[in-house]
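Working notes, beginning with the structure itself.
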Amino acid sequence: MAQTRATVRKAQKVSGPSFFQQPIHPLSAISVEDFSVAEVRRILESADALEKEDPLRRMKRLAKRRVALLFYEASTRTRTSFELAAKALGADTTLVSSLSSSIEKGESLKDTGITLKALGAECIILRSPYSGGPYVLARATGLPVLNAGDGMAEHPSQALLDLRTILHFLGMRASAVSEKCLRSVTLTICGDVLHSRVARSNAMLLPRLGAKVILCGPVELLPDAAAAMGPGISIERDFEAALRQSQIVMMLRIQAERLAGLELDADEYRSRYQANAERMAAHAPEALVMHPGPIIRGMEITSEVADGTMSAIAQQVANGVPLRMALVERALGAAKGGPR
């Protein structure tokens with residue numbers, strides 16, 4: 001995990017007129033580290049306000065502004081919620097995928113970004129299999145870039161909507177967000193942490209608000225070095241011991257597409273790390289259950305837990321639209337004022 005972050009930071013520092021030509025737009029959302037705690041609070045407050053606003057009035061905020069969704073990887077929740085969010089604000093959207101564009105012919109990310117800008121895109125939402133891709137795109141275009149997941153690096157909007165879900169569970173308002181607002185909260189993230197950009201962004205964000213984050217999983221999917229990500233983060237190999245400490249449990253799927261030949265014993269994994277009804281009832285009956293999706297039912301989580309009364313999985317998905325409305329509106333600015 002530390003190596004991935006170092007790779008991304010190295011990508012930011014590369015310079016030269018032949019490649020990185022423009023500064024990163026200040027209203028981009030590429031990493032959770034882009035946001036101060038105060039900015040996190042403002043984004044969540046904006047999400048609350050936009051969710052409650054009259055839809056017809058809300059559509060005037062970014063009427064006819066142009067947003068491009070550039071998705072090099074398959075996506076259901078993130079792509080759909082970003083698209084619905086932009087349209088709810090009145091923006092025109094276009095989806096560019098690797099299977100229906102010149103990307104399939106070998107066009108570079110830089111040239112694709114330049115093309116989208118020339119066609120009038122004012123903001124680009126990017127999902128890329130390459131860590132650091134959003135920085136490349138932001139430097140190439142000068143446009144605000146919203147990171148919808150880049151390789152094994154980060155997924156900042158997911159971490160923000162997860163935070164919104166956690167606050168709702170705790171009965172807290174967005175206005176309460178501070179460096180100590182989660183000081184009594186312990187969250188376990190269990191599963192394929194090594195390959196999870198969601199785990200990384202949450203582990204980078206939640207401790208800044210006072211939360212304790214326990215990472216749990218087999219060593220193949222969770223190297224010991226992950227504990228060095230920062231204060232407030234620890235590793236616990238015993239899932240049941242982690243559950244007994246936690247008010248919130250976030251399950252992750254095994255990302256088979258990123259395992260690169262690593263073989264795991266599925267039966268052993270389920271026996272040690274699956275969130276099933278018996279285990280949850282015995283060790284964390286009141287814990288909120290989360291999952292960024294897609295869910296592999298019967299592997300990391302059973303249907304009884306995924307669909308149970310303590311599951312917030314559907315609520316996470318629902319929170320994606322207002323949260324991403326806030327990020328798109330932030331990137332393009334209010335209709336009457338430009339960037340804020």
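Residue numbers start at 1 in each chain; chains themselves are named A, B, ... in the order of the structure tokens; ligands are numbered from 1 in the order shown.
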Residues near Val305 (chain A), anyone? I mean within 9 Å using only C-alpha atoms, not counting same-chain ones fewer than 3 positions away, as a short mmCIF file (atom, residue, chain, number, x, y, z; two decimals) with C-alpha atoms, in the first residue's frame.
data_model
loop_
_atom_site.label_atom_id
_atom_site.label_comp_id
_atom_site.auth_asym_id
_atom_site.auth_seq_id
_atom_site.Cartn_x
_atom_site.Cartn_y
_atom_site.Cartn_z
CA ALA A 275 -19.17 -12.21 7.52
CA ASN A 276 -21.92 -14.75 8.14
CA ALA A 277 -24.96 -14.59 10.39
CA MET A 280 -21.83 -11.52 13.34
CA VAL A 289 -22.19 -3.76 7.98
CA ILE A 301 -20.39 -12.11 3.01
CA THR A 302 -23.57 -14.15 3.13
CA GLY A 308 -29.90 -8.03 7.20
CA THR A 309 -31.17 -5.27 9.43
CA MET A 310 -27.66 -4.01 10.22
CA SER A 311 -26.62 -3.78 6.58
#
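The list of residues with at least one atom within 8 Å of His155 (chain A), based on only C-alpha atoms and without residues fewer than 5 positions apart in the same chain, reads A:Ser31, A:Asn147, A:Ala148, A:Gly149, A:Asp150, A:Arg197, A:Val198, A:Arg200, A:Ser201.
With only C-alpha atoms as the atoms that count, the residue of A:Leu323, A:Thr80, A:Met229, A:Gln274 with the shortest distance to Ser303 (chain A) is A:Gln274.
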Neighbouring residues of Leu252 (chain A) were defined as those with any atom within 12 Å, considering only C-alpha atoms; residues of the same chain fewer than 2 positions away were excluded. Please report them as a count of residues only.
39
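You will find CA of Arg42 (chain A) at 13.7 Å from CA of Ala29 (chain A).
Nearest residue to Ile124 (chain A) among A:Ala331, A:Ala74, A:Val219, A:Gly298 is A:Ala331, counting only C-alpha atoms.
Minimum atom-to-atom distance to Leu160 (chain A), evaluated using only C-alpha atoms, belongs to A:Val32 out of A:Ala226, A:Ala306, A:Val32, A:Val317.
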Take CA of Arg41 (chain A) and CA of Leu161 (chain A) and report the distance between them in Å, one decimal.
12.0 Å
